[in-house]
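Q: Coordinates in final-v7.cif, mmCIF, C-alpha atoms and all ligand atoms, are listed below.
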```cif
data_model
#
loop_
_atom_site.label_atom_id
_atom_site.label_comp_id
_atom_site.auth_asym_id
_atom_site.auth_seq_id
_atom_site.Cartn_x
_atom_site.Cartn_y
_atom_site.Cartn_z
CA MET A 1 5.02 -9.83 -1.88
CA ALA A 2 1.66 -10.14 -3.56
CA THR A 3 1.63 -9.16 -7.21
CA ARG A 4 -2.10 -9.46 -7.80
CA CYS A 5 -3.10 -6.80 -10.16
CA CYS A 6 -6.05 -5.09 -11.45
CA ALA A 7 -8.26 -3.59 -14.04
CA ALA A 8 -6.68 -0.23 -13.18
CA LEU A 9 -3.52 -1.42 -14.92
CA LEU A 10 -5.50 -1.50 -18.11
CA LEU A 11 -6.61 2.10 -17.85
CA PRO A 12 -4.60 3.65 -20.65
CA MET A 13 -4.68 7.26 -19.55
CA ALA A 14 -6.26 9.49 -17.04
CA LEU A 15 -8.01 12.43 -18.60
CA VAL A 16 -8.32 15.48 -16.47
CA LEU A 17 -10.33 18.52 -17.35
CA PHE A 18 -9.20 21.66 -15.65
CA ALA A 19 -10.49 25.14 -15.84
CA GLY A 20 -7.66 27.61 -16.14
CA SER A 21 -7.86 31.05 -17.59
CA SER A 22 -9.69 30.84 -20.92
CA PRO A 23 -10.00 28.60 -22.83
CA PRO A 24 -10.34 25.36 -20.78
CA VAL A 25 -7.58 22.87 -21.59
CA LEU A 26 -7.71 19.09 -21.70
CA ALA A 27 -4.64 17.86 -19.88
CA GLN A 28 -3.39 14.34 -19.47
CA LEU A 29 -1.52 12.21 -17.07
CA GLU A 30 0.31 9.42 -18.84
CA LEU A 31 1.66 6.00 -18.09
CA GLY A 32 5.38 6.25 -18.79
CA TYR A 33 5.33 10.07 -18.63
CA TYR A 34 9.01 10.15 -17.59
CA SER A 35 10.13 7.40 -20.01
CA LYS A 36 12.55 9.77 -21.74
CA THR A 37 13.38 12.23 -18.96
CA CYS A 38 13.71 9.87 -15.98
CA PRO A 39 13.24 6.30 -17.19
CA ASN A 40 14.08 4.69 -13.85
CA VAL A 41 11.73 6.81 -11.76
CA GLU A 42 9.53 3.91 -10.64
CA ALA A 43 12.50 1.64 -9.90
CA ILE A 44 14.18 4.35 -7.83
CA VAL A 45 11.03 5.00 -5.79
CA ARG A 46 10.42 1.30 -5.33
CA LYS A 47 13.98 0.62 -4.16
CA GLU A 48 13.85 3.40 -1.57
CA MET A 49 10.40 2.31 -0.45
CA GLU A 50 11.64 -1.23 0.08
CA LYS A 51 14.33 0.15 2.40
CA ILE A 52 11.91 2.47 4.20
CA ILE A 53 9.21 -0.14 4.78
CA SER A 54 11.61 -2.92 5.73
CA ALA A 55 13.14 -0.60 8.37
CA ALA A 56 9.74 0.71 9.56
CA PRO A 57 6.75 -1.37 8.33
CA SER A 58 4.37 0.87 10.27
CA LEU A 59 5.14 3.72 7.83
CA ALA A 60 3.04 2.14 5.06
CA GLY A 61 -0.17 3.57 6.56
CA PRO A 62 1.12 7.11 7.09
CA LEU A 63 2.50 7.29 3.53
CA LEU A 64 -0.83 6.16 2.09
CA ARG A 65 -2.67 8.70 4.24
CA LEU A 66 -0.35 11.53 3.14
CA HIS A 67 -1.41 10.98 -0.47
CA PHE A 68 -5.11 10.96 0.49
CA HIS A 69 -4.80 14.19 2.49
CA ASP A 70 -2.86 15.78 -0.35
CA CYS A 71 -5.46 14.89 -2.99
CA PHE A 72 -8.45 16.10 -0.98
CA VAL A 73 -7.12 19.63 -0.60
CA ARG A 74 -6.32 21.50 -3.87
CA GLY A 75 -5.97 18.16 -5.64
CA CYS A 76 -2.91 15.90 -5.74
CA ASP A 77 -0.37 18.73 -5.99
CA ALA A 78 1.88 18.00 -2.99
CA SER A 79 0.53 21.10 -1.21
CA VAL A 80 0.35 19.04 2.00
CA LEU A 81 4.15 18.75 1.98
CA LEU A 82 4.84 22.50 2.13
CA ASN A 83 6.14 23.83 5.43
CA SER A 84 4.67 26.92 7.00
CA THR A 85 6.89 29.95 6.40
CA ALA A 86 7.14 33.56 7.54
CA GLY A 87 5.00 34.55 4.55
CA ASN A 88 2.52 31.66 4.97
CA ARG A 89 2.21 31.02 8.67
CA LEU A 90 -0.23 28.13 8.49
CA SER A 91 0.25 25.77 5.59
CA GLU A 92 -1.95 22.71 5.05
CA MET A 93 0.21 20.48 7.18
CA ASP A 94 -0.63 22.64 10.19
CA ALA A 95 -4.39 22.15 9.82
CA THR A 96 -5.77 20.14 12.76
CA PRO A 97 -6.53 16.92 10.82
CA ASN A 98 -3.03 17.03 9.33
CA ARG A 99 -1.12 17.33 12.60
CA SER A 100 -1.15 13.53 12.93
CA LEU A 101 0.35 12.99 9.46
CA ARG A 102 3.70 11.24 9.37
CA GLY A 103 6.22 10.20 6.75
CA PHE A 104 7.40 13.61 5.50
CA GLY A 105 11.06 12.66 6.02
CA SER A 106 10.61 9.57 3.86
CA VAL A 107 9.20 11.67 1.03
CA ASP A 108 12.22 14.00 1.25
CA ARG A 109 14.54 11.02 1.15
CA VAL A 110 12.94 9.55 -2.00
CA LYS A 111 12.79 12.96 -3.67
CA ALA A 112 16.52 13.50 -2.96
CA LYS A 113 17.33 10.23 -4.74
CA LEU A 114 15.29 11.34 -7.73
CA GLU A 115 16.90 14.77 -7.80
CA ALA A 116 20.31 13.07 -7.88
CA ALA A 117 19.26 10.85 -10.81
CA CYS A 118 17.09 13.32 -12.76
CA PRO A 119 17.34 16.90 -11.48
CA ASN A 120 14.26 19.17 -11.71
CA THR A 121 12.20 16.52 -13.42
CA VAL A 122 9.91 14.48 -11.18
CA SER A 123 7.22 16.32 -9.22
CA CYS A 124 6.64 15.80 -5.51
CA ALA A 125 2.99 15.07 -6.34
CA ASP A 126 4.05 12.13 -8.52
CA VAL A 127 6.55 10.97 -5.88
CA LEU A 128 3.78 10.89 -3.26
CA THR A 129 1.43 9.00 -5.59
CA LEU A 130 4.09 6.38 -6.35
CA MET A 131 5.08 6.07 -2.70
CA ALA A 132 1.45 5.45 -1.68
CA ARG A 133 1.10 2.79 -4.37
CA ASP A 134 4.34 1.09 -3.28
CA ALA A 135 3.41 1.35 0.41
CA VAL A 136 0.24 -0.66 -0.26
CA ALA A 137 2.10 -3.19 -2.42
CA LEU A 138 4.83 -3.68 0.19
CA ALA A 139 2.15 -4.23 2.85
CA LYS A 140 1.00 -7.19 0.71
CA GLY A 141 -1.77 -5.28 -1.00
CA PRO A 142 -2.50 -4.84 -4.70
CA VAL A 143 -0.28 -3.15 -7.30
CA TRP A 144 -1.69 -0.76 -9.86
CA ALA A 145 -0.33 1.31 -12.72
CA VAL A 146 0.13 5.00 -11.95
CA ALA A 147 -0.26 7.57 -14.71
CA LEU A 148 2.23 10.40 -14.10
CA GLY A 149 2.79 14.03 -15.03
CA ARG A 150 1.33 15.81 -12.00
CA ARG A 151 2.88 19.21 -11.22
CA ASP A 152 3.43 20.73 -7.81
CA GLY A 153 1.28 23.52 -6.42
CA ARG A 154 2.62 26.70 -4.89
CA VAL A 155 -0.28 27.35 -2.53
CA SER A 156 -0.90 25.60 0.78
CA SER A 157 -3.39 26.79 3.37
CA ALA A 158 -4.50 25.31 6.68
CA THR A 159 -7.82 27.17 6.50
CA GLU A 160 -8.61 25.58 3.17
CA ALA A 161 -7.77 22.11 4.46
CA ALA A 162 -10.18 22.28 7.37
CA GLY A 163 -13.45 21.87 5.46
CA GLN A 164 -12.26 19.45 2.80
CA LEU A 165 -10.94 16.53 4.82
CA PRO A 166 -13.55 14.10 6.17
CA PRO A 167 -13.89 14.19 9.97
CA SER A 168 -13.78 10.98 12.00
CA TYR A 169 -17.29 11.70 13.30
CA GLY A 170 -18.75 11.90 9.78
CA ASP A 171 -21.91 10.01 8.84
CA VAL A 172 -22.50 8.74 5.32
CA PRO A 173 -24.40 11.81 4.02
CA LEU A 174 -21.53 14.08 5.15
CA LEU A 175 -18.77 11.75 3.94
CA ALA A 176 -20.56 11.18 0.63
CA LYS A 177 -20.80 14.95 0.12
CA ILE A 178 -17.09 15.46 0.82
CA PHE A 179 -16.18 12.59 -1.51
CA ALA A 180 -18.57 13.78 -4.24
CA ALA A 181 -16.86 17.17 -4.19
CA LYS A 182 -13.73 15.28 -5.33
CA GLY A 183 -15.58 13.26 -7.98
CA LEU A 184 -15.64 10.14 -5.79
CA ASP A 185 -18.84 8.16 -5.23
CA LEU A 186 -20.34 6.01 -2.48
CA LYS A 187 -18.53 2.93 -3.70
CA ASP A 188 -15.21 4.81 -3.56
CA LEU A 189 -16.08 5.75 0.01
CA ALA A 190 -16.72 2.12 0.99
CA VAL A 191 -13.61 0.95 -0.87
CA LEU A 192 -11.14 3.65 0.19
CA SER A 193 -12.22 3.39 3.83
CA GLY A 194 -10.59 -0.05 3.50
CA ALA A 195 -7.27 1.85 3.73
CA HIS A 196 -7.94 1.67 7.47
CA THR A 197 -6.64 -1.89 7.23
CA LEU A 198 -3.28 -0.13 7.72
CA GLY A 199 -2.11 2.10 10.51
CA THR A 200 -2.92 3.45 13.92
CA ALA A 201 -4.93 6.27 15.47
CA HIS A 202 -4.62 8.66 18.37
CA CYS A 203 -7.07 8.56 21.25
CA ARG A 204 -8.56 11.96 20.33
CA SER A 205 -9.74 10.56 16.98
CA TYR A 206 -12.21 8.20 18.64
CA ALA A 207 -12.49 9.25 22.32
CA GLY A 208 -15.76 11.02 21.57
CA ARG A 209 -17.34 7.60 20.94
CA LEU A 210 -16.28 6.27 24.33
CA TYR A 211 -17.23 9.10 26.71
CA ASN A 212 -20.37 11.26 26.97
CA PHE A 213 -21.43 10.31 23.46
CA SER A 214 -25.01 11.44 24.01
CA SER A 215 -27.32 12.10 26.91
CA ALA A 216 -28.82 8.62 26.55
CA TYR A 217 -25.61 6.58 26.30
CA THR A 218 -22.11 6.88 27.68
CA ALA A 219 -20.68 5.24 24.57
CA ASP A 220 -21.63 5.32 20.91
CA PRO A 221 -24.36 2.66 20.59
CA SER A 222 -23.03 1.74 17.15
CA LEU A 223 -19.80 0.52 18.80
CA ASP A 224 -19.63 -3.02 20.20
CA SER A 225 -19.78 -2.52 23.97
CA ARG A 226 -17.06 -5.03 24.85
CA TYR A 227 -14.80 -3.47 22.27
CA ALA A 228 -15.58 -0.05 23.75
CA ASP A 229 -14.47 -1.38 27.17
CA ARG A 230 -11.20 -2.53 25.68
CA LEU A 231 -10.64 0.80 23.93
CA ARG A 232 -11.26 2.67 27.19
CA THR A 233 -8.20 0.95 28.67
CA ARG A 234 -6.08 2.55 25.93
CA CYS A 235 -7.87 5.88 25.72
CA ARG A 236 -8.73 7.01 29.22
CA SER A 237 -10.58 10.27 28.61
CA VAL A 238 -11.38 12.80 25.94
CA ASP A 239 -8.33 14.69 27.21
CA ASP A 240 -5.99 11.71 27.03
CA ASP A 241 -2.52 12.85 26.05
CA ASP A 242 -2.39 10.56 23.04
CA ALA A 243 0.61 8.60 24.24
CA VAL A 244 -0.99 5.31 23.22
CA LEU A 245 -1.85 4.56 19.61
CA SER A 246 -4.61 2.11 18.69
CA GLU A 247 -4.52 -0.17 15.66
CA MET A 248 -7.45 0.46 13.34
CA ASP A 249 -7.32 -3.14 12.12
CA PRO A 250 -6.20 -4.90 15.30
CA GLY A 251 -3.95 -7.88 14.66
CA SER A 252 -2.94 -6.97 11.10
CA PHE A 253 -2.39 -3.22 11.01
CA LYS A 254 0.81 -3.57 8.97
CA THR A 255 -0.80 -5.85 6.39
CA PHE A 256 -3.13 -4.69 3.66
CA ASP A 257 -6.00 -7.20 3.77
CA THR A 258 -9.78 -7.41 4.19
CA SER A 259 -9.94 -7.91 7.95
CA TYR A 260 -10.84 -4.21 8.40
CA TYR A 261 -14.24 -5.05 6.89
CA ARG A 262 -14.73 -7.93 9.34
CA HIS A 263 -14.09 -5.55 12.25
CA VAL A 264 -16.52 -3.01 10.83
CA ALA A 265 -19.17 -5.70 10.20
CA LYS A 266 -18.82 -6.73 13.87
CA ARG A 267 -19.34 -3.09 14.97
CA ARG A 268 -15.68 -2.77 15.84
CA GLY A 269 -14.67 -0.08 13.38
CA LEU A 270 -12.63 2.50 15.28
CA PHE A 271 -14.15 5.75 13.98
CA GLN A 272 -17.75 6.83 13.59
CA SER A 273 -16.95 7.16 9.88
CA ASP A 274 -16.08 3.43 9.80
CA ALA A 275 -19.22 2.47 11.74
CA ALA A 276 -21.31 4.73 9.50
CA LEU A 277 -20.64 2.39 6.58
CA LEU A 278 -23.17 0.01 8.16
CA ALA A 279 -25.88 2.67 8.26
CA ASP A 280 -26.26 3.10 4.50
CA ALA A 281 -27.58 0.27 2.29
CA THR A 282 -24.93 0.62 -0.46
CA THR A 283 -21.91 0.86 1.81
CA ARG A 284 -23.30 -1.80 4.21
CA GLU A 285 -23.70 -4.26 1.36
CA TYR A 286 -20.09 -3.67 0.33
CA VAL A 287 -18.76 -4.08 3.87
CA GLN A 288 -20.69 -7.29 4.40
CA ARG A 289 -19.64 -8.75 1.06
CA ILE A 290 -15.93 -8.11 1.53
CA ALA A 291 -16.14 -9.17 5.19
CA THR A 292 -17.01 -12.72 4.10
CA GLY A 293 -13.38 -13.13 3.01
CA ARG A 294 -14.54 -14.65 -0.29
CA PHE A 295 -13.96 -11.52 -2.37
CA ASP A 296 -10.43 -10.42 -1.49
CA ASP A 297 -9.43 -10.15 -5.15
CA GLU A 298 -12.49 -8.01 -5.84
CA PHE A 299 -11.54 -5.64 -3.03
CA PHE A 300 -7.93 -5.43 -4.26
CA ASN A 301 -9.22 -4.63 -7.73
CA ASP A 302 -11.73 -2.05 -6.43
CA PHE A 303 -9.10 -0.44 -4.22
CA SER A 304 -6.72 -0.10 -7.18
CA GLU A 305 -9.41 1.55 -9.27
CA SER A 306 -10.48 3.96 -6.54
CA MET A 307 -6.86 4.91 -5.83
CA VAL A 308 -6.36 5.74 -9.52
CA LYS A 309 -9.48 7.94 -9.35
CA MET A 310 -8.28 9.62 -6.15
CA GLY A 311 -4.81 10.14 -7.63
CA ASN A 312 -6.36 12.12 -10.49
CA VAL A 313 -8.28 14.57 -8.34
CA GLY A 314 -7.59 18.20 -9.31
CA VAL A 315 -4.11 17.54 -10.66
CA LEU A 316 -2.01 20.30 -12.16
CA THR A 317 -0.46 19.43 -15.54
CA GLY A 318 1.28 20.99 -18.51
CA ALA A 319 2.59 24.45 -17.65
CA GLN A 320 0.67 24.73 -14.37
CA GLY A 321 2.51 24.79 -11.05
CA GLU A 322 6.15 23.75 -10.96
CA ILE A 323 8.50 20.84 -10.34
CA ARG A 324 9.64 21.52 -6.80
CA ARG A 325 13.28 20.79 -6.08
CA LYS A 326 12.57 20.17 -2.41
CA CYS A 327 9.12 18.97 -1.46
CA TYR A 328 8.78 21.11 1.65
CA ILE A 329 9.42 24.49 0.00
CA VAL A 330 8.38 26.15 -3.26
CA ASN A 331 11.23 26.86 -5.68
C1 LIG A 401 -13.76 8.11 4.82
C2 LIG A 401 -13.29 9.13 5.44
C3 LIG A 401 -12.08 9.06 6.33
C4 LIG A 401 -11.99 9.50 7.60
C5 LIG A 401 -13.09 10.19 8.40
C6 LIG A 401 -10.66 9.20 8.06
C7 LIG A 401 -10.19 9.52 9.31
C8 LIG A 401 -8.98 9.09 9.82
C9 LIG A 401 -8.51 9.37 11.16
C10 LIG A 401 -9.23 10.21 12.20
C11 LIG A 401 -7.32 8.73 11.30
C12 LIG A 401 -6.46 8.66 12.57
C13 LIG A 401 -5.56 9.86 12.74
C14 LIG A 401 -4.82 9.75 14.06
O1 LIG A 401 -5.50 9.78 15.08
O2 LIG A 401 -3.59 9.64 14.06
C15 LIG A 401 -7.04 8.06 10.06
C16 LIG A 401 -5.93 7.30 9.84
C17 LIG A 401 -5.63 6.76 8.62
N1 LIG A 401 -6.32 6.92 7.46
FE1 LIG A 401 -8.18 7.68 7.28
N2 LIG A 401 -9.96 8.58 7.07
C18 LIG A 401 -10.80 8.47 5.99
C19 LIG A 401 -10.45 7.97 4.75
C20 LIG A 401 -9.20 7.51 4.43
C21 LIG A 401 -8.75 7.24 3.09
C22 LIG A 401 -9.56 7.50 1.82
C23 LIG A 401 -7.48 6.78 3.19
C24 LIG A 401 -6.52 6.39 2.11
C25 LIG A 401 -6.86 6.06 0.89
C26 LIG A 401 -7.15 6.73 4.59
C27 LIG A 401 -5.98 6.25 5.13
C28 LIG A 401 -5.67 6.27 6.46
C29 LIG A 401 -4.51 5.59 7.02
C30 LIG A 401 -3.57 4.68 6.26
C31 LIG A 401 -4.47 5.90 8.38
C32 LIG A 401 -3.42 5.48 9.40
C33 LIG A 401 -2.31 6.51 9.48
C34 LIG A 401 -1.21 6.20 10.50
O3 LIG A 401 -0.94 5.04 10.78
O4 LIG A 401 -0.58 7.16 10.99
N3 LIG A 401 -8.19 7.22 5.30
N4 LIG A 401 -8.05 8.31 9.18
#
```
Show me the file's structure as structure tokens.
Ligand code: HEM
A:
Amino acid sequence: MATRCCAALLLPMALVLFAGSSPPVLAQLELGYYSKTCPNVEAIVRKEMEKIISAAPSLAGPLLRLHFHDCFVRGCDASVLLNSTAGNRLSEMDATPNRSLRGFGSVDRVKAKLEAACPNTVSCADVLTLMARDAVALAKGPVWAVALGRRDGRVSSATEAAGQLPPSYGDVPLLAKIFAAKGLDLKDLAVLSGAHTLGTAHCRSYAGRLYNFSSAYTADPSLDSRYADRLRTRCRSVDDDDAVLSEMDPGSFKTFDTSYYRHVAKRRGLFQSDAALLADATTREYVQRIATGRFDDEFFNDFSESMVKMGNVGVLTGAQGEIRRKCYIVN
């Protein structure tokens, strides 16, 4: 496994300003937050993740995506893990973009191990952050230090999720706006899109590019036409039943590497949001630079830094929220 590491390791602390009831409080996530209360937390997560990924390597992508979808709605507070209930009929996980999320069972499994070792101590939000980090590392990607101390939210709403997650048809102005609302910039957009080096997608996520894209073209003109032909054999109509999954980084979808950027540079990114990276000067320059294959370490370093930023979005700390005993239900 690669152990290349990063500037993010050197970040001593993540400072998070949150506005509660008056007065505003400066809260902190800390490296080693559980050093006294659950000193083996990272080793326990890592050991379980090694078992999970060695049994099902294709789970690395879904576990990384879970963390992203959690952080973009109400911050990284594990609200995406809460089941719908009689009192809350549509929780975040039932929002349309979240219906394709996977890996919930793995989170429950890791959380159960932690509850056995250190009851009522480690939040589900921290578990998810660590699992995403380890998923990338076990897929041969970079390793970064994770500041901990996130608390779990008690609110989870599908309606709220709808507007905050970037759609696959997004162009750069729209994606940049959604990222900026989370304190993430254009570079973070170019860098974090590189997560699409892992995982697979359903036909409905890109079918719109293949059929009736506009009155002038049958397919999205920003998609390589031969690649579009190949995709049409897997995704037969906009109403395809989704039985067939497509790799977003064909050939290495279980390995965290830079080949995603080579696909995008060749107009073979799967989603419009991937293709859109070529339409803006800043993101295009980044795609083309990393696509050369000469700056893999730079990408690993950038990805680590952007993941630390994303992992700090809107976190609950101190006395906010709770430490959930089970990740799918509030205490
Ligand atoms: C830039 C805006 C983004 C858009 C529009 C987007 C959209 C999507 C869509 C539509 C899928 C396929 C869902 C399916 O059909 O099953 C997907 C998959 C995925 N996304 Fe993104 N995404 C974005 C950013 C990110 C970020 C920031 C991350 C993580 C840091 C990420 C990680 C993933 C992963 C790992 C998968 C594969 C999941 C699997 O294998 O089940 N994405 N994304």
Q: Tell me, counting only C-alpha atoms and all ligand atoms, for each residue of chain A within 6 Å of ligand LIG 401 (chain A), which pair of atoms is nearest and how far apart they are in Å to one decimal, in rows ordered by chain and increasing number, as CSV.
A:
```
residue,atom,partner,partner_atom,distance
A:Gly61,CA,A:LIG401,C30,3.6
A:Pro62,CA,A:LIG401,C33,4.2
A:Leu64,CA,A:LIG401,C30,5.2
A:Arg65,CA,A:LIG401,C27,4.2
A:Phe68,CA,A:LIG401,C24,5.0
A:Ser100,CA,A:LIG401,O2,4.7
A:Pro166,CA,A:LIG401,C5,4.5
A:Pro167,CA,A:LIG401,C5,4.4
A:Ser168,CA,A:LIG401,C5,3.7
A:Leu189,CA,A:LIG401,C1,5.8
A:Leu192,CA,A:LIG401,C22,4.5
A:Ser193,CA,A:LIG401,C19,5.0
A:Ala195,CA,A:LIG401,C27,4.8
A:His196,CA,A:LIG401,C28,5.2
A:Leu198,CA,A:LIG401,C30,5.0
A:Gly199,CA,A:LIG401,O3,3.2
A:Thr200,CA,A:LIG401,O3,4.0
A:Ala201,CA,A:LIG401,O1,3.6
A:His202,CA,A:LIG401,O1,3.6
A:Ser205,CA,A:LIG401,O1,4.7
A:Ser273,CA,A:LIG401,C5,5.1
```
Q: Write to file, as a CSV table (one decimal), keeping the file's coordinate frame, the residues of the selection just made, with C-alpha atoms.
A:
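Saved as again_13.csv:
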```
chain,number,residue,atom,x,y,z
A,61,GLY,CA,-0.2,3.6,6.6
A,62,PRO,CA,1.1,7.1,7.1
A,64,LEU,CA,-0.8,6.2,2.1
A,65,ARG,CA,-2.7,8.7,4.2
A,68,PHE,CA,-5.1,11.0,0.5
A,100,SER,CA,-1.2,13.5,12.9
A,166,PRO,CA,-13.6,14.1,6.2
A,167,PRO,CA,-13.9,14.2,10.0
A,168,SER,CA,-13.8,11.0,12.0
A,189,LEU,CA,-16.1,5.8,0.0
A,192,LEU,CA,-11.1,3.6,0.2
A,193,SER,CA,-12.2,3.4,3.8
A,195,ALA,CA,-7.3,1.8,3.7
A,196,HIS,CA,-7.9,1.7,7.5
A,198,LEU,CA,-3.3,-0.1,7.7
A,199,GLY,CA,-2.1,2.1,10.5
A,200,THR,CA,-2.9,3.4,13.9
A,201,ALA,CA,-4.9,6.3,15.5
A,202,HIS,CA,-4.6,8.7,18.4
A,205,SER,CA,-9.7,10.6,17.0
A,273,SER,CA,-17.0,7.2,9.9
```
Q: Distance atom CA of Val122 of chain A-atom CA of Arg325 of chain A, one decimal place?
A: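 If I compute the distance from atom CA of Val122 of chain A to atom CA of Arg325 of chain A, I get 8.8 Å.
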Q: Between A:Leu277, A:Asp257, A:Gln288, A:Met310, which has the minimum distance to Lys140 of chain A (counting only C-alpha atoms)?
A: A:Asp257
Q: Quick one: residues within 8 Å of Leu90 of chain A, only C-alpha atoms counted, chain neighbours fewer than 6 positions away excluded, as a PyMOL selection string?
A: chain A and resi 84+157-159
Q: Write the residues of the selection above to a file with C-alpha atoms, as a tab-separated table (two decimals), in the frame of the given file.
A:
```
chain	number	residue	atom	x	y	z
A	84	SER	CA	4.67	26.92	7.00
A	157	SER	CA	-3.39	26.79	3.37
A	158	ALA	CA	-4.50	25.31	6.68
A	159	THR	CA	-7.82	27.17	6.50
```
Q: Got a sec: who's within 6 Å of Ser156 of chain A, counting only C-alpha atoms, leaving out chain neighbours fewer than 2 positions off, as a list in words?
A: Ser79, Ser91 and Glu92 of chain A
Q: Work out how far atom CA of Val73 of chain A is from atom CA of Leu278 of chain A, in Å to one decimal.
A: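 Taking atom CA of Leu278 of chain A and atom CA of Val73 of chain A, their separation equals 26.8 Å.
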Q: Could you work out how far atom CA of Leu59 of chain A lies from atom CA of Arg262 of chain A, giving the answer in Å with one decimal?
A: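 These atoms are spaced 23.1 Å apart.
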Q: Between A:Ala162, A:Ile178, A:Ala276, A:Cys124, which has the minimum distance to Cys76 of chain A (counting all atoms listed in the file)?
A: A:Cys124
